Amino acid sequence: MHSQINFGYPWAVNYGHLVVAVAFLAIFCLGWFRKWHKALVALVGLAMVWAFASFVMVRFGFNMNGRATLPTEAFMRSGTGKVLDMGAGTGRSTLMVLEARPQSTVVALDSFSDSYVEHFGDQKSGAVVDQGRARLLANLRAAGVERRATIQPGDMRQMPLESDTFDAVVSAYAIDHLGRAGIRESLSEANRVLKPRGEFLLMVIAKDFWLEFTFGPLLMHARMVLPDFWERNLRDAGFEIVEQGTRPATKYILARKA
Ligand SMILES: C[S@@+](CC[C@H](N)C(=O)[O-])C[C@H]1O[C@@H](n2cnc3c(N)ncnc32)[C@H](O)[C@@H]1O
């Protein structure tokens with residue numbers, strides 16, 4: 001059943017380092033047999049090892065097309081409730097919640113617009129919203145959780161959702177794609193739709209050792225350089241911080257509506 005799930009993160013991101021490693025291996029062999037200068041062969045060998053190690057880290061460490069697990073068990077400890085996933089994409093974060101919390105329901109919200117196409121591509125001609133809905137629904141069905149999820153097209157900066165209606169909100173690798181004003185609007189929207197004392201699990205890309213090692217300057221998410229950026233903005237939006245931590249290339253913050 002799970003084999004049909006396809007989160008759709010690009011092949012080039014997941015396997016690009018392997019292609020580079022094979023290219024360096026070919027150059028390394030050429031240099032070795034043609035007896036190039038030892039320092040040059042060693043340099044190519046080093047580049048090959050870096051590319052291969054990066055491939056292993058991206059493919060098996062970040063594992064973007066694999067299942068995500070909750071970064072903290074403290075999120076929705078009661079196990080039940082109505083959750084909003086802001087920027088659900090193809091459903092990776094939605095499944096993360098539905099599978100870890102089998103008594104929960106999730107509203108999966110995504111704009112299915114330019115940012116969606118940038119990440120997941122335009123599969124066939126036609127409205128991106130329809131394609132986005134269909135791909136997300138296919139993944140929910142493949143996991144057997146579609147009856148506990150609703151797909152809601154919409155912009156997280158101004159959500160078509162009533163105030164004080166969700167027990168929890170999750171957002172994974174989505175809010176950090178917005179500019180400063182968009183981030184402020186989205187965090188304030190998350191606060192608005194939460195019930196009093198509702199929980200917010202925010203996951204964003206973190207510029208840590210692993211991200212620097214694998215992608216260097218190639219993968220730039222605007223907001224990841226300022227150390228307390230997210231904490232400050234969460235507090236300004238009316239949240240108190242409950243817990244925070246890191247995973248490779250990820251920072252998570254569990255907050256509560258104050
Ligand atoms: C990197 S994907 C993350 C998807 C999913 N949360 C995951 O963990 O795989 C970012 C998603 O945010 C969505 N997004 C970006 N800006 C948005 C906005 N203003 N409103 C709603 N969704 C947005 C994109 O369409 C995209 O699907």
# chains A, B, ... in the order shown; residues from 1 in each chain; ligands from 1
$ select_by_dssp --residues "range 183-214 of chain A" --states "strand (DSSP E)" --output "PyMOL selection string"
chain A and resi 194-205
$ write_last_selection --atoms "C-alpha atoms" --output "JSON list (two decimals), in the first residue's frame"
[["chain", "number", "residue", "atom", "x", "y", "z"],
["A", 194, "LEU", "CA", -6.17, 27.98, 16.84],
["A", 195, "LYS", "CA", -8.39, 27.45, 19.84],
["A", 196, "PRO", "CA", -7.11, 29.03, 23.08],
["A", 197, "ARG", "CA", -4.00, 27.09, 24.26],
["A", 198, "GLY", "CA", -3.86, 25.31, 20.88],
["A", 199, "GLU", "CA", -0.49, 23.90, 19.76],
["A", 200, "PHE", "CA", 1.63, 24.96, 16.82],
["A", 201, "LEU", "CA", 4.43, 22.74, 15.49],
["A", 202, "LEU", "CA", 6.66, 24.74, 13.15],
["A", 203, "MET", "CA", 9.38, 23.00, 11.14],
["A", 204, "VAL", "CA", 11.73, 25.03, 8.96],
["A", 205, "ILE", "CA", 14.94, 24.41, 7.03]]
$ residues_near_ligand --ligand "ligand 1" --cutoff "6 Å" --atoms "only C-alpha atoms and all ligand atoms" --output "JSON, numbers by chain"
{"A": [87, 88, 89, 91, 92, 93, 110, 111, 112, 113, 115, 116, 154, 155, 156, 157, 172, 173, 174]}
$ write_last_selection --atoms "N, CA and C atoms" --output "PDB file, in the first residue's frame"
ATOM      1  N   GLY A  87       0.498  24.659   4.187  1.00  0.00           N
ATOM      2  CA  GLY A  87       1.485  24.379   3.145  1.00  0.00           C
ATOM      3  C   GLY A  87       1.720  22.878   3.055  1.00  0.00           C
ATOM      4  N   ALA A  88       0.637  22.141   2.838  1.00  0.00           N
ATOM      5  CA  ALA A  88       0.689  20.673   2.909  1.00  0.00           C
ATOM      6  C   ALA A  88       1.405  20.038   1.729  1.00  0.00           C
ATOM      7  N   GLY A  89       1.448  20.727   0.591  1.00  0.00           N
ATOM      8  CA  GLY A  89       2.135  20.193  -0.587  1.00  0.00           C
ATOM      9  C   GLY A  89       1.544  18.877  -1.047  1.00  0.00           C
ATOM     10  N   GLY A  91       1.590  16.187   0.771  1.00  0.00           N
ATOM     11  CA  GLY A  91       1.019  15.463   1.899  1.00  0.00           C
ATOM     12  C   GLY A  91       2.003  14.839   2.880  1.00  0.00           C
ATOM     13  N   ARG A  92       3.283  15.133   2.738  1.00  0.00           N
ATOM     14  CA  ARG A  92       4.252  14.484   3.635  1.00  0.00           C
ATOM     15  C   ARG A  92       3.986  14.853   5.096  1.00  0.00           C
ATOM     16  N   SER A  93       3.798  16.151   5.366  1.00  0.00           N
ATOM     17  CA  SER A  93       3.565  16.574   6.758  1.00  0.00           C
ATOM     18  C   SER A  93       2.162  16.171   7.224  1.00  0.00           C
ATOM     19  N   ASP A 110      -3.096  24.227   1.046  1.00  0.00           N
ATOM     20  CA  ASP A 110      -1.976  24.637   0.187  1.00  0.00           C
ATOM     21  C   ASP A 110      -2.501  25.604  -0.865  1.00  0.00           C
ATOM     22  N   SER A 111      -1.620  26.504  -1.289  1.00  0.00           N
ATOM     23  CA  SER A 111      -2.047  27.478  -2.311  1.00  0.00           C
ATOM     24  C   SER A 111      -2.035  26.848  -3.701  1.00  0.00           C
ATOM     25  N   PHE A 112      -1.292  25.734  -3.866  1.00  0.00           N
ATOM     26  CA  PHE A 112      -1.157  25.080  -5.175  1.00  0.00           C
ATOM     27  C   PHE A 112      -0.889  26.134  -6.260  1.00  0.00           C
ATOM     28  N   SER A 113       0.114  26.951  -6.022  1.00  0.00           N
ATOM     29  CA  SER A 113       0.432  27.987  -7.018  1.00  0.00           C
ATOM     30  C   SER A 113       1.910  27.903  -7.403  1.00  0.00           C
ATOM     31  N   SER A 115       4.829  28.419  -5.937  1.00  0.00           N
ATOM     32  CA  SER A 115       5.752  27.732  -5.041  1.00  0.00           C
ATOM     33  C   SER A 115       5.538  26.212  -5.127  1.00  0.00           C
ATOM     34  N   TYR A 116       4.284  25.812  -5.314  1.00  0.00           N
ATOM     35  CA  TYR A 116       3.985  24.380  -5.465  1.00  0.00           C
ATOM     36  C   TYR A 116       4.666  23.825  -6.717  1.00  0.00           C
ATOM     37  N   GLY A 154      -5.861  27.329  -0.560  1.00  0.00           N
ATOM     38  CA  GLY A 154      -5.898  28.645   0.088  1.00  0.00           C
ATOM     39  C   GLY A 154      -4.514  29.144   0.409  1.00  0.00           C
ATOM     40  N   ASP A 155      -4.431  30.448   0.614  1.00  0.00           N
ATOM     41  CA  ASP A 155      -3.159  31.098   0.929  1.00  0.00           C
ATOM     42  C   ASP A 155      -3.008  31.180   2.444  1.00  0.00           C
ATOM     43  N   MET A 156      -1.877  30.695   2.949  1.00  0.00           N
ATOM     44  CA  MET A 156      -1.717  30.675   4.407  1.00  0.00           C
ATOM     45  C   MET A 156      -1.579  32.073   5.009  1.00  0.00           C
ATOM     46  N   ARG A 157      -1.379  33.087   4.160  1.00  0.00           N
ATOM     47  CA  ARG A 157      -1.282  34.453   4.687  1.00  0.00           C
ATOM     48  C   ARG A 157      -2.663  35.035   4.975  1.00  0.00           C
ATOM     49  N   ALA A 172       5.347  22.504   7.883  1.00  0.00           N
ATOM     50  CA  ALA A 172       6.687  21.950   7.665  1.00  0.00           C
ATOM     51  C   ALA A 172       7.274  22.457   6.349  1.00  0.00           C
ATOM     52  N   TYR A 173       8.379  23.148   6.460  1.00  0.00           N
ATOM     53  CA  TYR A 173       9.141  23.607   5.288  1.00  0.00           C
ATOM     54  C   TYR A 173       8.262  24.414   4.334  1.00  0.00           C
ATOM     55  N   ALA A 174       7.375  25.195   4.860  1.00  0.00           N
ATOM     56  CA  ALA A 174       6.452  25.946   4.005  1.00  0.00           C
ATOM     57  C   ALA A 174       6.505  27.441   4.314  1.00  0.00           C
TER      58      ALA A 174
END
$ closest_residue --among "A:Phe209, A:Leu25, A:Arg77, A:Leu30" --to "Val49 in chain A" --atoms "only C-alpha atoms"
A:Leu25
$ closest_residue --among "A:Phe215, A:Phe239, A:Trp210, A:Tyr252" --to "Ser188 in chain A" --atoms "only C-alpha atoms"
A:Phe239
$ closest_atom_pairs --of "range 80-126 of chain A" --to "range 135-148 of chain A" --cutoff "9 Å" --atoms "only C-alpha atoms" --output "JSON lines"
{"residue": "A:Ala88", "atom": "CA", "partner": "A:Leu136", "partner_atom": "CA", "distance": 8.4}
{"residue": "A:Gly89", "atom": "CA", "partner": "A:Leu136", "partner_atom": "CA", "distance": 7.2}
{"residue": "A:Thr90", "atom": "CA", "partner": "A:Leu136", "partner_atom": "CA", "distance": 4.7}
{"residue": "A:Gly91", "atom": "CA", "partner": "A:Leu136", "partner_atom": "CA", "distance": 5.5}
{"residue": "A:Arg92", "atom": "CA", "partner": "A:Asn139", "partner_atom": "CA", "distance": 8.6}
{"residue": "A:Thr94", "atom": "CA", "partner": "A:Leu140", "partner_atom": "CA", "distance": 8.5}
{"residue": "A:Leu95", "atom": "CA", "partner": "A:Leu140", "partner_atom": "CA", "distance": 7.2}
{"residue": "A:Leu98", "atom": "CA", "partner": "A:Val145", "partner_atom": "CA", "distance": 7.1}
{"residue": "A:Glu99", "atom": "CA", "partner": "A:Val145", "partner_atom": "CA", "distance": 8.1}
{"residue": "A:Pro102", "atom": "CA", "partner": "A:Arg148", "partner_atom": "CA", "distance": 8.9}
{"residue": "A:Gln103", "atom": "CA", "partner": "A:Arg148", "partner_atom": "CA", "distance": 8.7}
{"residue": "A:Ser104", "atom": "CA", "partner": "A:Arg148", "partner_atom": "CA", "distance": 7.2}
{"residue": "A:Thr105", "atom": "CA", "partner": "A:Arg148", "partner_atom": "CA", "distance": 4.7}
{"residue": "A:Val106", "atom": "CA", "partner": "A:Arg148", "partner_atom": "CA", "distance": 6.4}
{"residue": "A:Val107", "atom": "CA", "partner": "A:Arg148", "partner_atom": "CA", "distance": 8.7}
{"residue": "A:Ala108", "atom": "CA", "partner": "A:Leu136", "partner_atom": "CA", "distance": 8.8}
$ residues_around --residues "Arg235 in chain A" --least-positions-apart "2" --cutoff "12 Å" --atoms "only C-alpha atoms" --output "count of residues only"
23
$ closest_residue --among "A:Met96, A:Asn14, A:Phe28, A:Gly8" --to "Phe60 in chain A" --atoms "only C-alpha atoms"
A:Asn14
$ select_by_dssp --residues "range 47-231 of chain A" --states "helix (DSSP H, G or I)" --output "VMD selection string"
chain A and resid 47 to 62 92 to 100 114 to 120 128 to 142 146 to 148 175 to 177 180 to 193 209 to 218 222 to 224 229 to 231
$ residues_around --residues "Leu218 in chain A" --least-positions-apart "4" --cutoff "12 Å" --atoms "only C-alpha atoms" --output "list of chain:residue names"
A:Val13, A:Lys207, A:Leu211, A:Glu212, A:Phe213, A:Thr214
$ write_last_selection --atoms "C-alpha atoms" --output "PDB file, in the first residue's frame"
ATOM      1  CA  VAL A  13      17.786  16.960  -5.531  1.00  0.00           C
ATOM      2  CA  LYS A 207      21.336  26.080   7.836  1.00  0.00           C
ATOM      3  CA  LEU A 211      22.973  21.416   4.862  1.00  0.00           C
ATOM      4  CA  GLU A 212      26.242  23.321   4.334  1.00  0.00           C
ATOM      5  CA  PHE A 213      28.103  20.060   3.697  1.00  0.00           C
ATOM      6  CA  THR A 214      25.671  18.704   1.129  1.00  0.00           C
TER       7      THR A 214
END
